[in-house]
$ cat upload30.pdb   # PDB, C-alpha atoms, pLDDT in the B column
ATOM      1  CA  MET A   1       3.667  -6.550  -8.442  1.00 75.00           C
ATOM      2  CA  SER A   2       5.836  -4.805 -11.003  1.00 85.00           C
ATOM      3  CA  PRO A   3       7.297  -1.413 -10.121  1.00 88.00           C
ATOM      4  CA  PHE A   4       7.437  -0.570 -13.832  1.00 91.00           C
ATOM      5  CA  PRO A   5       5.702   2.784 -14.398  1.00 90.00           C
ATOM      6  CA  GLN A   6       2.051   2.813 -15.380  1.00 88.00           C
ATOM      7  CA  THR A   7       0.771   6.005 -16.939  1.00 89.00           C
ATOM      8  CA  ALA A   8      -2.461   7.310 -18.421  1.00 88.00           C
ATOM      9  CA  ARG A   9      -0.830   8.082 -21.750  1.00 89.00           C
ATOM     10  CA  THR A  10       0.566   5.234 -23.813  1.00 92.00           C
ATOM     11  CA  ILE A  11       1.771   4.587 -27.351  1.00 92.00           C
ATOM     12  CA  PRO A  12       1.747   1.357 -29.379  1.00 95.00           C
ATOM     13  CA  TRP A  13       4.923  -0.703 -29.363  1.00 96.00           C
ATOM     14  CA  THR A  14       5.422   0.092 -33.032  1.00 96.00           C
ATOM     15  CA  GLU A  15       6.195   3.707 -32.062  1.00 92.00           C
ATOM     16  CA  LEU A  16       9.022   2.987 -29.608  1.00 92.00           C
ATOM     17  CA  PRO A  17      11.816   5.465 -30.358  1.00 89.00           C
ATOM     18  CA  PRO A  18      15.340   4.236 -31.061  1.00 91.00           C
ATOM     19  CA  ALA A  19      18.020   4.571 -28.413  1.00 88.00           C
ATOM     20  CA  ASP A  20      21.084   6.727 -28.761  1.00 88.00           C
ATOM     21  CA  PRO A  21      23.853   4.169 -29.422  1.00 91.00           C
ATOM     22  CA  ASN A  22      26.045   5.843 -26.795  1.00 90.00           C
ATOM     23  CA  GLU A  23      23.596   5.580 -23.905  1.00 88.00           C
ATOM     24  CA  ALA A  24      23.324   2.814 -21.318  1.00 90.00           C
ATOM     25  CA  LEU A  25      21.267  -0.236 -22.329  1.00 94.00           C
ATOM     26  CA  ALA A  26      21.079   0.948 -25.939  1.00 94.00           C
ATOM     27  CA  ALA A  27      21.721  -2.591 -27.205  1.00 96.00           C
ATOM     28  CA  GLU A  28      19.127  -4.078 -24.852  1.00 96.00           C
ATOM     29  CA  TRP A  29      16.556  -1.462 -25.843  1.00 95.00           C
ATOM     30  CA  GLU A  30      17.112  -2.169 -29.523  1.00 96.00           C
ATOM     31  CA  THR A  31      16.793  -5.905 -28.840  1.00 97.00           C
ATOM     32  CA  TYR A  32      13.463  -5.284 -27.148  1.00 97.00           C
ATOM     33  CA  ARG A  33      12.288  -3.078 -30.016  1.00 96.00           C
ATOM     34  CA  ARG A  34      13.263  -5.784 -32.476  1.00 97.00           C
ATOM     35  CA  GLU A  35      11.657  -8.687 -30.591  1.00 98.00           C
ATOM     36  CA  VAL A  36       8.568  -7.202 -28.942  1.00 98.00           C
ATOM     37  CA  GLY A  37       6.289  -7.827 -31.924  1.00 98.00           C
ATOM     38  CA  ARG A  38       7.212 -11.501 -32.008  1.00 98.00           C
ATOM     39  CA  LEU A  39       6.840 -11.855 -28.231  1.00 98.00           C
ATOM     40  CA  LEU A  40       3.377 -10.299 -28.348  1.00 98.00           C
ATOM     41  CA  ALA A  41       2.375 -12.600 -31.200  1.00 98.00           C
ATOM     42  CA  GLU A  42       3.462 -15.534 -29.052  1.00 97.00           C
ATOM     43  CA  GLY A  43       1.113 -14.406 -26.264  1.00 98.00           C
ATOM     44  CA  GLN A  44       3.821 -13.199 -23.893  1.00 98.00           C
ATOM     45  CA  GLU A  45       2.191  -9.850 -23.105  1.00 97.00           C
ATOM     46  CA  GLY A  46       2.440  -8.993 -19.408  1.00 96.00           C
ATOM     47  CA  LYS A  47       5.384 -11.301 -18.815  1.00 98.00           C
ATOM     48  CA  PHE A  48       8.882 -10.000 -18.108  1.00 98.00           C
ATOM     49  CA  ALA A  49      11.908 -10.170 -20.366  1.00 98.00           C
ATOM     50  CA  LEU A  50      15.496 -10.350 -19.149  1.00 98.00           C
ATOM     51  CA  ILE A  51      17.734  -8.974 -21.900  1.00 98.00           C
ATOM     52  CA  LYS A  52      21.521  -8.835 -22.119  1.00 97.00           C
ATOM     53  CA  GLY A  53      23.023  -7.174 -25.184  1.00 96.00           C
ATOM     54  CA  ASP A  54      21.283  -8.512 -28.270  1.00 96.00           C
ATOM     55  CA  GLU A  55      19.982 -11.627 -26.548  1.00 97.00           C
ATOM     56  CA  ILE A  56      16.791 -12.351 -24.643  1.00 98.00           C
ATOM     57  CA  ILE A  57      18.026 -14.436 -21.727  1.00 98.00           C
ATOM     58  CA  GLY A  58      14.610 -15.471 -20.494  1.00 98.00           C
ATOM     59  CA  ILE A  59      10.925 -14.678 -20.123  1.00 98.00           C
ATOM     60  CA  TYR A  60       9.482 -14.782 -16.595  1.00 98.00           C
ATOM     61  CA  ASP A  61       6.038 -14.558 -15.037  1.00 98.00           C
ATOM     62  CA  THR A  62       6.971 -11.952 -12.439  1.00 96.00           C
ATOM     63  CA  TRP A  63       9.141  -8.873 -12.208  1.00 95.00           C
ATOM     64  CA  ASP A  64      10.779 -10.168  -9.039  1.00 93.00           C
ATOM     65  CA  GLU A  65      11.842 -13.410 -10.685  1.00 96.00           C
ATOM     66  CA  ALA A  66      13.316 -11.674 -13.741  1.00 96.00           C
ATOM     67  CA  ARG A  67      15.065  -9.126 -11.549  1.00 94.00           C
ATOM     68  CA  ARG A  68      16.467 -11.763  -9.187  1.00 93.00           C
ATOM     69  CA  ILE A  69      17.877 -13.830 -12.020  1.00 95.00           C
ATOM     70  CA  GLY A  70      19.282 -10.723 -13.680  1.00 95.00           C
ATOM     71  CA  LEU A  71      21.062  -9.766 -10.470  1.00 92.00           C
ATOM     72  CA  GLU A  72      22.339 -13.320  -9.949  1.00 92.00           C
ATOM     73  CA  LYS A  73      23.761 -13.521 -13.456  1.00 94.00           C
ATOM     74  CA  TYR A  74      24.997  -9.990 -14.007  1.00 93.00           C
ATOM     75  CA  LEU A  75      24.791  -8.119 -10.678  1.00 88.00           C
ATOM     76  CA  LEU A  76      25.394  -4.456 -11.575  1.00 80.00           C
ATOM     77  CA  GLN A  77      26.607  -5.131 -15.120  1.00 88.00           C
ATOM     78  CA  GLY A  78      24.334  -3.851 -17.857  1.00 92.00           C
ATOM     79  CA  HIS A  79      21.195  -5.897 -18.363  1.00 95.00           C
ATOM     80  CA  MET A  80      17.578  -4.924 -18.801  1.00 96.00           C
ATOM     81  CA  VAL A  81      14.412  -6.222 -17.186  1.00 96.00           C
ATOM     82  CA  ARG A  82      11.130  -5.028 -18.541  1.00 95.00           C
ATOM     83  CA  PRO A  83       7.511  -6.053 -19.086  1.00 96.00           C
ATOM     84  CA  ILE A  84       6.398  -7.099 -22.550  1.00 98.00           C
ATOM     85  CA  LEU A  85       3.805  -4.511 -23.477  1.00 97.00           C
ATOM     86  CA  SER A  86       1.673  -3.828 -26.524  1.00 97.00           C
ATOM     87  CA  ARG A  87       1.345  -0.234 -25.346  1.00 96.00           C
ATOM     88  CA  GLU A  88       4.278   1.572 -23.788  1.00 93.00           C
ATOM     89  CA  PRO A  89       3.698   4.102 -20.991  1.00 92.00           C
ATOM     90  CA  VAL A  90       4.655   7.667 -21.822  1.00 91.00           C
ATOM     91  CA  ILE A  91       6.169   9.110 -18.668  1.00 91.00           C
ATOM     92  CA  ARG A  92       5.641  12.729 -17.761  1.00 88.00           C
ATOM     93  CA  GLY A  93       8.983  13.720 -16.336  1.00 80.00           C
ATOM     94  CA  PRO A  94       9.788  16.573 -13.974  1.00 79.00           C
ATOM     95  CA  LEU A  95       8.178  19.872 -14.970  1.00 63.00           C
ATOM     96  CA  SER A  96      11.538  21.603 -15.014  1.00 57.00           C
ATOM     97  CA  PHE A  97      12.763  19.432 -17.879  1.00 55.00           C
ATOM     98  CA  ARG A  98       9.690  19.247 -20.109  1.00 49.00           C
TER      99      ARG A  98
ATOM    100  CA  MET B   1      -2.393   6.865  10.443  1.00 90.00           C
ATOM    101  CA  ALA B   2       1.053   8.494  10.470  1.00 96.00           C
ATOM    102  CA  THR B   3       1.606  12.106   9.472  1.00 97.00           C
ATOM    103  CA  LEU B   4       4.632  14.008   8.253  1.00 97.00           C
ATOM    104  CA  THR B   5       4.389  17.794   8.322  1.00 97.00           C
ATOM    105  CA  PHE B   6       6.781  20.129   6.518  1.00 97.00           C
ATOM    106  CA  PRO B   7       6.887  23.915   6.159  1.00 97.00           C
ATOM    107  CA  VAL B   8       6.416  25.361   2.678  1.00 97.00           C
ATOM    108  CA  GLN B   9       9.785  26.809   1.756  1.00 95.00           C
ATOM    109  CA  PRO B  10      10.639  29.584  -0.720  1.00 93.00           C
ATOM    110  CA  ASP B  11      11.637  26.967  -3.307  1.00 90.00           C
ATOM    111  CA  GLY B  12       8.494  24.886  -2.875  1.00 94.00           C
ATOM    112  CA  LEU B  13       7.211  21.798  -1.100  1.00 97.00           C
ATOM    113  CA  ILE B  14      10.527  20.503   0.232  1.00 97.00           C
ATOM    114  CA  CYS B  15      10.916  17.320   2.277  1.00 97.00           C
ATOM    115  CA  ASP B  16      13.699  15.048   3.492  1.00 97.00           C
ATOM    116  CA  VAL B  17      14.232  11.832   1.544  1.00 98.00           C
ATOM    117  CA  LEU B  18      16.464   8.822   2.003  1.00 97.00           C
ATOM    118  CA  ILE B  19      17.355   7.073  -1.267  1.00 98.00           C
ATOM    119  CA  GLY B  20      18.852   3.589  -0.967  1.00 97.00           C
ATOM    120  CA  LEU B  21      19.269   0.387  -2.884  1.00 95.00           C
ATOM    121  CA  ASP B  22      16.056  -1.530  -3.540  1.00 92.00           C
ATOM    122  CA  GLY B  23      15.225  -4.635  -1.531  1.00 84.00           C
ATOM    123  CA  LYS B  24      16.815  -7.159  -3.912  1.00 85.00           C
ATOM    124  CA  THR B  25      20.150  -5.573  -4.773  1.00 88.00           C
ATOM    125  CA  PRO B  26      21.835  -5.672  -1.319  1.00 87.00           C
ATOM    126  CA  ALA B  27      21.295  -9.424  -1.049  1.00 85.00           C
ATOM    127  CA  ALA B  28      22.826  -9.946  -4.486  1.00 84.00           C
ATOM    128  CA  LEU B  29      25.778  -7.695  -3.630  1.00 86.00           C
ATOM    129  CA  ALA B  30      26.337  -9.511  -0.336  1.00 86.00           C
ATOM    130  CA  ALA B  31      26.228 -12.882  -2.081  1.00 84.00           C
ATOM    131  CA  ALA B  32      28.880 -11.623  -4.490  1.00 83.00           C
ATOM    132  CA  GLY B  33      31.024 -10.301  -1.638  1.00 86.00           C
ATOM    133  CA  GLN B  34      30.641  -6.709  -2.746  1.00 84.00           C
ATOM    134  CA  ALA B  35      30.156  -3.663  -0.563  1.00 84.00           C
ATOM    135  CA  ILE B  36      26.682  -2.350   0.086  1.00 85.00           C
ATOM    136  CA  LEU B  37      26.665   1.426   0.044  1.00 88.00           C
ATOM    137  CA  ALA B  38      24.626   3.304   2.622  1.00 92.00           C
ATOM    138  CA  PRO B  39      21.486   5.196   1.651  1.00 95.00           C
ATOM    139  CA  SER B  40      21.880   8.804   0.666  1.00 96.00           C
ATOM    140  CA  LEU B  41      20.146  11.606   2.514  1.00 96.00           C
ATOM    141  CA  CYS B  42      18.519  13.913  -0.008  1.00 96.00           C
ATOM    142  CA  ARG B  43      16.550  17.119  -0.382  1.00 96.00           C
ATOM    143  CA  GLY B  44      13.312  16.382  -2.204  1.00 96.00           C
ATOM    144  CA  LEU B  45      10.693  18.544  -3.916  1.00 96.00           C
ATOM    145  CA  ILE B  46       7.071  17.450  -4.337  1.00 96.00           C
ATOM    146  CA  ASP B  47       6.254  17.434  -8.074  1.00 94.00           C
ATOM    147  CA  THR B  48       2.604  16.507  -8.671  1.00 94.00           C
ATOM    148  CA  GLY B  49       3.080  17.022 -12.404  1.00 90.00           C
ATOM    149  CA  ALA B  50       5.499  14.120 -12.793  1.00 92.00           C
ATOM    150  CA  ASP B  51       4.332  10.531 -13.191  1.00 93.00           C
ATOM    151  CA  ILE B  52       7.359   9.079 -11.467  1.00 94.00           C
ATOM    152  CA  THR B  53      10.047  10.170  -9.056  1.00 96.00           C
ATOM    153  CA  SER B  54      13.325  11.504 -10.439  1.00 95.00           C
ATOM    154  CA  VAL B  55      16.717  11.296  -8.781  1.00 96.00           C
ATOM    155  CA  ALA B  56      19.883  13.287  -9.471  1.00 94.00           C
ATOM    156  CA  PRO B  57      22.674  11.324 -11.165  1.00 92.00           C
ATOM    157  CA  ALA B  58      25.091  12.012  -8.280  1.00 93.00           C
ATOM    158  CA  VAL B  59      22.775  10.270  -5.802  1.00 95.00           C
ATOM    159  CA  LEU B  60      22.466   7.188  -7.990  1.00 94.00           C
ATOM    160  CA  ARG B  61      26.248   7.039  -8.441  1.00 93.00           C
ATOM    161  CA  GLN B  62      26.748   7.242  -4.658  1.00 93.00           C
ATOM    162  CA  LEU B  63      24.738   4.021  -4.419  1.00 93.00           C
ATOM    163  CA  GLY B  64      26.902   2.392  -7.080  1.00 90.00           C
ATOM    164  CA  LEU B  65      24.090   2.514  -9.627  1.00 91.00           C
ATOM    165  CA  LYS B  66      25.718   3.375 -12.926  1.00 88.00           C
ATOM    166  CA  ILE B  67      23.581   1.302 -15.266  1.00 89.00           C
ATOM    167  CA  PRO B  68      19.771   1.446 -15.315  1.00 93.00           C
ATOM    168  CA  VAL B  69      17.650  -1.668 -14.910  1.00 93.00           C
ATOM    169  CA  ALA B  70      15.180  -0.681 -17.613  1.00 93.00           C
ATOM    170  CA  LYS B  71      14.221   1.910 -20.140  1.00 90.00           C
ATOM    171  CA  SER B  72      10.868   3.355 -21.061  1.00 88.00           C
ATOM    172  CA  LYS B  73       9.723   6.384 -22.967  1.00 84.00           C
ATOM    173  CA  THR B  74       9.289   9.996 -21.968  1.00 83.00           C
ATOM    174  CA  ARG B  75       7.940  13.021 -23.752  1.00 75.00           C
ATOM    175  CA  THR B  76      10.333  15.893 -24.279  1.00 66.00           C
ATOM    176  CA  THR B  77      10.041  19.355 -25.780  1.00 65.00           C
ATOM    177  CA  THR B  78      11.399  17.996 -29.042  1.00 65.00           C
ATOM    178  CA  GLY B  79       9.439  14.743 -29.223  1.00 69.00           C
ATOM    179  CA  SER B  80      10.035  11.537 -27.338  1.00 73.00           C
ATOM    180  CA  ALA B  81      13.064   9.703 -26.064  1.00 76.00           C
ATOM    181  CA  PRO B  82      13.946   6.600 -24.082  1.00 81.00           C
ATOM    182  CA  VAL B  83      14.409   7.316 -20.398  1.00 87.00           C
ATOM    183  CA  ASP B  84      16.670   5.406 -17.987  1.00 91.00           C
ATOM    184  CA  LEU B  85      14.952   3.756 -15.020  1.00 95.00           C
ATOM    185  CA  PHE B  86      16.601   2.644 -11.766  1.00 95.00           C
ATOM    186  CA  GLU B  87      15.112   0.585  -8.955  1.00 95.00           C
ATOM    187  CA  VAL B  88      15.699   2.123  -5.508  1.00 96.00           C
ATOM    188  CA  SER B  89      14.099   2.437  -2.092  1.00 96.00           C
ATOM    189  CA  VAL B  90      12.523   5.754  -1.159  1.00 97.00           C
ATOM    190  CA  ASN B  91      11.912   6.861   2.423  1.00 97.00           C
ATOM    191  CA  VAL B  92      10.319  10.222   3.135  1.00 98.00           C
ATOM    192  CA  LEU B  93      11.112  11.435   6.636  1.00 97.00           C
ATOM    193  CA  ASP B  94      11.575  14.537   8.738  1.00 95.00           C
ATOM    194  CA  LEU B  95      15.172  15.103   9.820  1.00 93.00           C
ATOM    195  CA  ARG B  96      13.961  17.318  12.664  1.00 92.00           C
ATOM    196  CA  ASN B  97      12.204  14.278  14.141  1.00 91.00           C
ATOM    197  CA  LEU B  98      14.236  11.180  13.339  1.00 88.00           C
ATOM    198  CA  SER B  99      12.193   8.983  15.670  1.00 91.00           C
ATOM    199  CA  GLY B 100       8.993  10.129  13.968  1.00 93.00           C
ATOM    200  CA  PRO B 101       7.051   8.478  11.151  1.00 96.00           C
ATOM    201  CA  LYS B 102       8.625   7.547   7.851  1.00 96.00           C
ATOM    202  CA  LEU B 103       6.937   6.835   4.536  1.00 97.00           C
ATOM    203  CA  ILE B 104       8.883   3.735   3.476  1.00 96.00           C
ATOM    204  CA  LEU B 105       8.723   2.371  -0.070  1.00 96.00           C
ATOM    205  CA  PRO B 106      11.217  -0.512  -0.493  1.00 94.00           C
ATOM    206  CA  THR B 107      11.035  -0.652  -4.285  1.00 94.00           C
ATOM    207  CA  VAL B 108      10.375   2.327  -6.525  1.00 95.00           C
ATOM    208  CA  MET B 109      11.332   2.690 -10.155  1.00 96.00           C
ATOM    209  CA  VAL B 110      12.758   6.155 -10.624  1.00 96.00           C
ATOM    210  CA  MET B 111      14.164   8.027 -13.574  1.00 94.00           C
ATOM    211  CA  GLU B 112      17.504   9.737 -13.631  1.00 91.00           C
ATOM    212  CA  VAL B 113      17.029  13.447 -14.158  1.00 85.00           C
ATOM    213  CA  PRO B 114      18.529  14.580 -17.461  1.00 72.00           C
ATOM    214  CA  ALA B 115      20.455  17.486 -15.910  1.00 74.00           C
ATOM    215  CA  PRO B 116      21.725  18.463 -12.466  1.00 76.00           C
ATOM    216  CA  LEU B 117      19.099  19.879 -10.137  1.00 78.00           C
ATOM    217  CA  SER B 118      19.768  23.189  -8.450  1.00 83.00           C
ATOM    218  CA  ASN B 119      19.829  22.655  -4.677  1.00 89.00           C
ATOM    219  CA  LEU B 120      17.704  19.497  -5.036  1.00 92.00           C
ATOM    220  CA  ASP B 121      18.388  15.762  -5.212  1.00 95.00           C
ATOM    221  CA  VAL B 122      14.972  14.207  -5.713  1.00 96.00           C
ATOM    222  CA  LEU B 123      11.700  15.213  -7.347  1.00 95.00           C
ATOM    223  CA  ILE B 124       8.907  13.233  -5.701  1.00 96.00           C
ATOM    224  CA  GLY B 125       6.400  12.195  -8.369  1.00 95.00           C
ATOM    225  CA  LEU B 126       2.929  10.707  -8.343  1.00 95.00           C
ATOM    226  CA  ASP B 127       4.235   7.144  -7.943  1.00 95.00           C
ATOM    227  CA  VAL B 128       5.216   7.992  -4.357  1.00 97.00           C
ATOM    228  CA  LEU B 129       2.507  10.579  -3.688  1.00 97.00           C
ATOM    229  CA  LEU B 130      -0.307   8.192  -4.586  1.00 96.00           C
ATOM    230  CA  THR B 131       0.654   6.003  -1.632  1.00 96.00           C
ATOM    231  CA  ALA B 132      -0.253   8.832   0.772  1.00 97.00           C
ATOM    232  CA  ARG B 133      -2.650  11.740   1.309  1.00 98.00           C
ATOM    233  CA  LEU B 134      -1.090  15.085   0.454  1.00 98.00           C
ATOM    234  CA  PHE B 135      -2.628  18.145   2.083  1.00 97.00           C
ATOM    235  CA  LEU B 136      -1.398  21.645   1.316  1.00 97.00           C
ATOM    236  CA  ASP B 137      -2.264  24.335   3.837  1.00 98.00           C
ATOM    237  CA  GLY B 138      -1.435  27.391   1.759  1.00 96.00           C
ATOM    238  CA  PRO B 139      -2.317  30.096   4.301  1.00 97.00           C
ATOM    239  CA  GLY B 140      -0.557  28.087   7.016  1.00 97.00           C
ATOM    240  CA  ARG B 141       2.507  27.650   4.785  1.00 97.00           C
ATOM    241  CA  ALA B 142       2.719  23.940   5.538  1.00 98.00           C
ATOM    242  CA  PHE B 143       1.950  20.604   3.900  1.00 98.00           C
ATOM    243  CA  THR B 144       1.375  17.143   5.303  1.00 98.00           C
ATOM    244  CA  LEU B 145       1.651  13.587   4.075  1.00 98.00           C
ATOM    245  CA  ASP B 146      -0.695  11.096   5.751  1.00 97.00           C
ATOM    246  CA  PHE B 147      -0.079   7.392   5.236  1.00 96.00           C
TER     247      PHE B 147
END
$ encode --input "upload30.pdb" --output "structure tokens"
Amino acid sequence: MSPFPQTARTIPWTELPPADPNEALAAEWETYRREVGRLLAEGQEGKFALIKGDEIIGIYDTWDEARRIGLEKYLLQGHMVRPILSREPVIRGPLSFR
Amino acid sequence: MATLTFPVQPDGLICDVLIGLDGKTPAALAAAGQAILAPSLCRGLIDTGADITSVAPAVLRQLGLKIPVAKSKTRTTTGSAPVDLFEVSVNVLDLRNLSGPKLILPTVMVMEVPAPLSNLDVLIGLDVLLTARLFLDGPGRAFTLDF
């Protein structure tokens, strides 16, 4: 089971905001934003992408598999694992920071 | 069923929390010959208004977690923004009774709080709370977690 957050409120993938270029995983986030439409069209929704920089390293059936391979290849270096979703969860953060 | 009981404190529903590496990372670190840092004992606040648990940056850094594993999206006062997500283990426990019950979650995806928390390390969100029963006894100034 994926630990990726699931929330009541979602937005379509087309509305994913850009990352700040200076923040961690900005390149990986932009790669996901660029590729998610194609991945959904290929029927990959619900699978898990392992992304390093501007490259999708692999698509996996489970979170655990994508995470394990990400750790094996990159350990604590920057890489992103995330589900391929047509609708992105909108996370309500801590009340103090809303 | 196990029960953890905490007094309601002036700054809210406070509990003891142990934040550690998630189940997969220590094995990968060991295989690479790298040190595995011990879990961090934290002061947590129950936040039923948050979808997911948030952890102070200093706690994540103590575990060697500098780079998130994923990003998602959060709503802010000025619109929306990507939010950094880290995979950790979360244990809720009572330091006054170390041999007592512990709510153990080996893998939880948490967000890094965007600013330092005053006198707090962790904000326990619905992702953790929905694994237990939360009962607030207002007049008794206590709350319990059953799991």
$ residues_around --input "upload30.pdb" --residues "region 22-30 of chain B" --least-positions-apart "4" --cutoff "10 Å" --atoms "all atoms listed in the file" --output "ChimeraX atom specification"
/A:64,67-76 /B:34-37,86-90,105-109
$ residues_around --input "upload30.pdb" --residues "region 20-24 of chain A" --least-positions-apart "4" --cutoff "12 Å" --atoms "only C-alpha atoms" --output "number ranges by chain"
A: 28-30, 52-53, 77-80; B: 65-71, 81-86, 112
$ closest_residue --input "upload30.pdb" --among "A:Pro12, A:Pro17, A:Pro83, A:Gly43" --to "chain B" --atoms "only C-alpha atoms"
A:Pro17
$ resolve_selection --input "upload30.pdb" --expression "the PyMOL selection byres ((chain B and resi 8) around 9)" --output "list in words"
Phe6, Pro7, Gln9, Pro10, Asp11, Gly12, Leu13, Ile14, Leu136, Asp137, Gly138, Gly140, Arg141, Ala142 and Phe143 of chain B
$ residues_around --input "upload30.pdb" --residues "Asn97 (chain B)" --least-positions-apart "3" --cutoff "12 Å" --atoms "all atoms listed in the file" --output "list in words"
Thr3, Leu4, Thr5, Phe6, Asp16, Val92, Leu93, Asp94, Gly100, Pro101 and Lys102 of chain B
$ atom_distance --input "upload30.pdb" --atom1 "CA of Ile46 (chain B)" --atom2 "CA of Leu130 (chain B)"
11.8 Å
$ atom_distance --input "upload30.pdb" --atom1 "CA of Leu85 (chain A)" --atom2 "CA of Leu50 (chain A)"
13.8 Å
